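Participant: Following this line is target20.tsv, made up of TSV, N, CA and C atoms:
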```
chain	number	residue	atom	x	y	z
A	1	MET	N	67.89	-0.48	207.14
A	1	MET	CA	67.99	0.29	208.35
A	1	MET	C	66.95	-0.22	209.36
A	2	VAL	N	65.75	-0.52	208.90
A	2	VAL	CA	64.70	-1.03	209.79
A	2	VAL	C	65.12	-2.36	210.39
A	3	LYS	N	65.57	-3.27	209.56
A	3	LYS	CA	65.98	-4.58	210.06
A	3	LYS	C	67.17	-4.47	211.01
A	4	GLU	N	68.10	-3.57	210.70
A	4	GLU	CA	69.27	-3.39	211.54
A	4	GLU	C	68.87	-2.92	212.94
A	5	LEU	N	68.04	-1.90	213.02
A	5	LEU	CA	67.61	-1.38	214.32
A	5	LEU	C	66.78	-2.40	215.08
A	6	ALA	N	65.90	-3.09	214.39
A	6	ALA	CA	65.05	-4.08	215.05
A	6	ALA	C	65.87	-5.24	215.59
A	7	SER	N	66.92	-5.62	214.89
A	7	SER	CA	67.73	-6.75	215.32
A	7	SER	C	68.52	-6.45	216.59
A	8	GLU	N	68.70	-5.17	216.89
A	8	GLU	CA	69.44	-4.80	218.09
A	8	GLU	C	68.72	-5.24	219.37
A	9	ILE	N	67.39	-5.33	219.32
A	9	ILE	CA	66.66	-5.80	220.49
A	9	ILE	C	65.61	-6.85	220.13
A	10	THR	N	65.76	-7.46	218.99
A	10	THR	CA	64.90	-8.54	218.49
A	10	THR	C	63.43	-8.14	218.33
A	11	ASP	N	63.17	-6.91	217.84
A	11	ASP	CA	61.81	-6.53	217.45
A	11	ASP	C	61.43	-7.33	216.21
A	12	GLU	N	60.14	-7.61	216.07
A	12	GLU	CA	59.66	-8.32	214.89
A	12	GLU	C	59.50	-7.34	213.74
A	13	VAL	N	59.98	-7.73	212.57
A	13	VAL	CA	59.85	-6.91	211.37
A	13	VAL	C	59.15	-7.73	210.31
A	14	ILE	N	58.08	-7.16	209.75
A	14	ILE	CA	57.37	-7.80	208.65
A	14	ILE	C	57.55	-6.91	207.43
A	15	VAL	N	58.06	-7.48	206.35
A	15	VAL	CA	58.29	-6.73	205.12
A	15	VAL	C	57.26	-7.17	204.08
A	16	TYR	N	56.53	-6.21	203.56
A	16	TYR	CA	55.59	-6.48	202.49
A	16	TYR	C	56.23	-6.01	201.19
A	17	ASP	N	56.61	-6.95	200.35
A	17	ASP	CA	57.25	-6.64	199.08
A	17	ASP	C	56.17	-6.49	198.02
A	18	LEU	N	55.84	-5.25	197.68
A	18	LEU	CA	54.75	-5.00	196.75
A	18	LEU	C	55.09	-5.39	195.32
A	19	VAL	N	56.36	-5.56	195.03
A	19	VAL	CA	56.75	-6.01	193.70
A	19	VAL	C	56.37	-7.48	193.53
A	20	LYS	N	56.63	-8.27	194.56
A	20	LYS	CA	56.30	-9.70	194.51
A	20	LYS	C	54.82	-9.95	194.75
A	21	GLN	N	54.16	-9.08	195.53
A	21	GLN	CA	52.75	-9.23	195.89
A	21	GLN	C	52.49	-10.57	196.56
A	22	CYS	N	51.27	-10.91	196.68
A	22	CYS	CA	50.88	-12.22	197.20
A	22	CYS	C	49.58	-12.60	196.53
A	23	GLU	N	49.26	-13.88	196.60
A	23	GLU	CA	48.11	-14.39	195.87
A	23	GLU	C	46.77	-13.88	196.41
A	24	ASN	N	46.66	-13.66	197.70
A	24	ASN	CA	45.36	-13.28	198.27
A	24	ASN	C	45.14	-11.78	198.38
A	25	GLY	N	46.04	-10.95	197.90
A	25	GLY	CA	45.87	-9.51	197.93
A	25	GLY	C	46.11	-8.87	199.28
A	26	HIS	N	46.67	-9.61	200.21
A	26	HIS	CA	46.92	-9.12	201.57
A	26	HIS	C	47.81	-7.89	201.56
A	27	TYR	N	48.82	-7.87	200.72
A	27	TYR	CA	49.75	-6.73	200.69
A	27	TYR	C	49.03	-5.46	200.27
A	28	ALA	N	48.21	-5.55	199.25
A	28	ALA	CA	47.48	-4.38	198.77
A	28	ALA	C	46.55	-3.85	199.85
A	29	SER	N	45.95	-4.73	200.63
A	29	SER	CA	45.07	-4.26	201.70
A	29	SER	C	45.86	-3.53	202.78
A	30	ARG	N	47.09	-3.94	203.02
A	30	ARG	CA	47.94	-3.25	203.99
A	30	ARG	C	48.29	-1.84	203.51
A	31	VAL	N	48.52	-1.68	202.23
A	31	VAL	CA	48.80	-0.36	201.67
A	31	VAL	C	47.64	0.58	201.98
A	32	LEU	N	46.43	0.10	201.78
A	32	LEU	CA	45.24	0.92	202.07
A	32	LEU	C	45.08	1.15	203.57
A	33	GLN	N	45.29	0.11	204.36
A	33	GLN	CA	45.14	0.20	205.81
A	33	GLN	C	46.06	1.25	206.41
A	34	TYR	N	47.32	1.26	205.97
A	34	TYR	CA	48.30	2.18	206.53
A	34	TYR	C	48.29	3.55	205.86
A	35	GLY	N	47.61	3.67	204.73
A	35	GLY	CA	47.57	4.95	204.02
A	35	GLY	C	48.85	5.26	203.28
A	36	VAL	N	49.51	4.24	202.77
A	36	VAL	CA	50.78	4.41	202.07
A	36	VAL	C	50.55	5.20	200.79
A	37	LYS	N	51.35	6.25	200.63
A	37	LYS	CA	51.27	7.09	199.43
A	37	LYS	C	52.53	7.00	198.59
A	38	ARG	N	53.63	6.49	199.18
A	38	ARG	CA	54.89	6.35	198.45
A	38	ARG	C	55.69	5.21	199.04
A	39	LEU	N	56.64	4.74	198.27
A	39	LEU	CA	57.50	3.63	198.71
A	39	LEU	C	58.95	4.07	198.69
A	40	PRO	N	59.79	3.61	199.57
A	40	PRO	CA	59.44	2.71	200.67
A	40	PRO	C	58.72	3.48	201.77
A	41	SER	N	57.94	2.77	202.56
A	41	SER	CA	57.25	3.33	203.71
A	41	SER	C	57.44	2.40	204.90
A	42	VAL	N	57.31	2.97	206.08
A	42	VAL	CA	57.47	2.19	207.31
A	42	VAL	C	56.28	2.48	208.22
A	43	ALA	N	55.66	1.43	208.72
A	43	ALA	CA	54.62	1.55	209.74
A	43	ALA	C	55.13	0.83	210.98
A	44	ILE	N	54.95	1.46	212.13
A	44	ILE	CA	55.35	0.84	213.40
A	44	ILE	C	54.13	0.85	214.30
A	45	ASP	N	53.83	-0.32	214.84
A	45	ASP	CA	52.66	-0.49	215.70
A	45	ASP	C	51.38	-0.01	215.01
A	46	GLY	N	51.27	-0.33	213.71
A	46	GLY	CA	50.06	-0.02	212.96
A	46	GLY	C	49.91	1.40	212.48
A	47	LYS	N	50.94	2.24	212.68
A	47	LYS	CA	50.86	3.63	212.26
A	47	LYS	C	51.98	3.95	211.27
A	48	LEU	N	51.60	4.56	210.16
A	48	LEU	CA	52.58	5.00	209.16
A	48	LEU	C	53.38	6.15	209.73
A	49	LEU	N	54.70	6.07	209.66
A	49	LEU	CA	55.55	7.14	210.17
A	49	LEU	C	55.37	8.40	209.33
A	50	ALA	N	55.36	9.54	210.00
A	50	ALA	CA	55.21	10.82	209.31
A	50	ALA	C	56.30	11.03	208.27
A	51	CYS	N	57.48	10.49	208.55
A	51	CYS	CA	58.59	10.65	207.61
A	51	CYS	C	58.33	9.94	206.29
A	52	CYS	N	57.36	9.04	206.27
A	52	CYS	CA	57.08	8.26	205.06
A	52	CYS	C	56.04	8.91	204.17
A	53	THR	N	55.53	10.04	204.57
A	53	THR	CA	54.48	10.66	203.76
A	53	THR	C	55.03	11.56	202.67
A	54	ASN	N	56.18	12.22	202.91
A	54	ASN	CA	56.66	13.11	201.86
A	54	ASN	C	58.17	13.35	201.89
A	55	GLN	N	58.92	12.56	202.64
A	55	GLN	CA	60.37	12.74	202.67
A	55	GLN	C	61.05	11.40	202.93
A	56	GLU	N	62.36	11.37	202.90
A	56	GLU	CA	63.07	10.11	203.09
A	56	GLU	C	63.02	9.66	204.55
A	57	ILE	N	63.17	8.37	204.76
A	57	ILE	CA	63.18	7.78	206.09
A	57	ILE	C	64.58	7.95	206.68
A	58	THR	N	64.64	8.45	207.90
A	58	THR	CA	65.93	8.61	208.56
A	58	THR	C	66.03	7.68	209.76
A	59	ARG	N	67.23	7.41	210.17
A	59	ARG	CA	67.48	6.59	211.36
A	59	ARG	C	66.85	7.25	212.59
A	60	LYS	N	66.94	8.58	212.67
A	60	LYS	CA	66.37	9.31	213.81
A	60	LYS	C	64.85	9.12	213.87
A	61	ASP	N	64.18	9.19	212.72
A	61	ASP	CA	62.73	8.99	212.69
A	61	ASP	C	62.36	7.60	213.21
A	62	LEU	N	63.10	6.58	212.77
A	62	LEU	CA	62.83	5.21	213.21
A	62	LEU	C	63.04	5.07	214.71
A	63	MET	N	64.13	5.63	215.21
A	63	MET	CA	64.41	5.53	216.63
A	63	MET	C	63.41	6.34	217.46
A	64	ASN	N	62.99	7.51	216.97
A	64	ASN	CA	61.98	8.30	217.67
A	64	ASN	C	60.64	7.59	217.75
A	65	ALA	N	60.36	6.71	216.78
A	65	ALA	CA	59.13	5.93	216.79
A	65	ALA	C	59.24	4.72	217.71
A	66	GLY	N	60.42	4.47	218.26
A	66	GLY	CA	60.59	3.39	219.21
A	66	GLY	C	61.29	2.16	218.67
A	67	LEU	N	61.66	2.16	217.40
A	67	LEU	CA	62.31	0.97	216.83
A	67	LEU	C	63.73	0.87	217.35
A	68	GLY	N	64.11	-0.32	217.80
A	68	GLY	CA	65.47	-0.56	218.28
A	68	GLY	C	65.67	-0.15	219.73
A	69	GLN	N	64.58	0.09	220.44
A	69	GLN	CA	64.69	0.49	221.83
A	69	GLN	C	63.92	-0.49	222.71
A	70	ASN	N	64.41	-0.68	223.90
A	70	ASN	CA	63.71	-1.56	224.84
A	70	ASN	C	62.39	-0.91	225.24
A	71	VAL	N	61.37	-1.75	225.34
A	71	VAL	CA	60.04	-1.24	225.75
A	71	VAL	C	59.70	-1.68	227.14
```
Show me, as structure tokens, the structure contained in the file I just sent.
Facilitator:
Amino acid sequence: MVKELASEITDEVIVYDLVKQCENGHYASRVLQYGVKRLPSVAIDGKLLACCTNQEITRKDLMNAGLGQNV
């Protein structure tokens, strides 16, 4: 859903796959930086979406955060 909305206006999407991890621990530091408590989670412009703290991610939440919209 994130990639679909972002592709509508060519927003950049970076996916951190915690299952694959990375050699330098960069992914784990992002989890701490964003305050991720559950997966999947979405951060936009450096802020973890409220919908990612204790409920499922919805299309409306993503769009309300500005994803898929012209800036």
Participant: So the first atom is atom N of Gly68 of chain A and the second is atom C of Ile9 of chain A; what is the distance between them in Å, to one decimal place?
Facilitator: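 Between these atoms lies a distance of 7.1 Å.
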Participant: What separation in Å, quoted to one decimal, exists between atom C of Val31 of chain A and atom C of Lys47 of chain A?
Facilitator: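 Those two atoms sit 10.8 Å apart.
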Participant: Determine which residues of chain A DSSP labels as helix (DSSP H, G or I) from the backbone of this structure, then write them out as a VMD selection string.
Facilitator: chain A and resid 2 to 7 26 to 34 51 to 54 59 to 64
Participant: Excluding segment 13-29 of chain A and residues on its chain fewer than 5 positions from it, collect all residues at most 8 Å away from it, counting all atoms listed in the file, and give them as a list in words.
Facilitator: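 Contacts, with the query itself left out: Val2, Lys3, Ala6, Ser7, Tyr34 and Gly35 of chain A.
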Participant: One number please: atom C of Thr53 of chain A to atom CA of Thr10 of chain A, in Å, one decimal.
Facilitator: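 Between atom C of Thr53 of chain A and atom CA of Thr10 of chain A the gap is 27.4 Å.
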Participant: Which centre and which edge lengths, in Å to one decimal, describe the axis-aligned box that holds all listed atoms of segment 29-34 of chain A after 6 Å is added on each side, as JSON?
Facilitator:
```
{"center_x": 46.9, "center_y": -0.6, "center_z": 203.6, "size_x": 15.7, "size_y": 20.3, "size_z": 17.9}
```
Participant: Rank A:Cys52, A:Leu32, A:Leu39, A:Ile44 by their smallest atom-to-atom distance to Leu67 of chain A, using all atoms listed in the file, and report the top residue only.
Facilitator: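 Nearest candidate to Leu67 of chain A out of A:Cys52, A:Leu32, A:Leu39, A:Ile44: A:Ile44.
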Participant: Residues around (62.2, 9.4, 205.9), cut-off 10 Å, counting only C-alpha atoms - what are they as a count of residues only?
Facilitator: 17
Participant: DSSP on the backbone: what in chain A comes out strand (DSSP E), as an NGL selection string?
Facilitator: :A and (43-44 or 47-48)
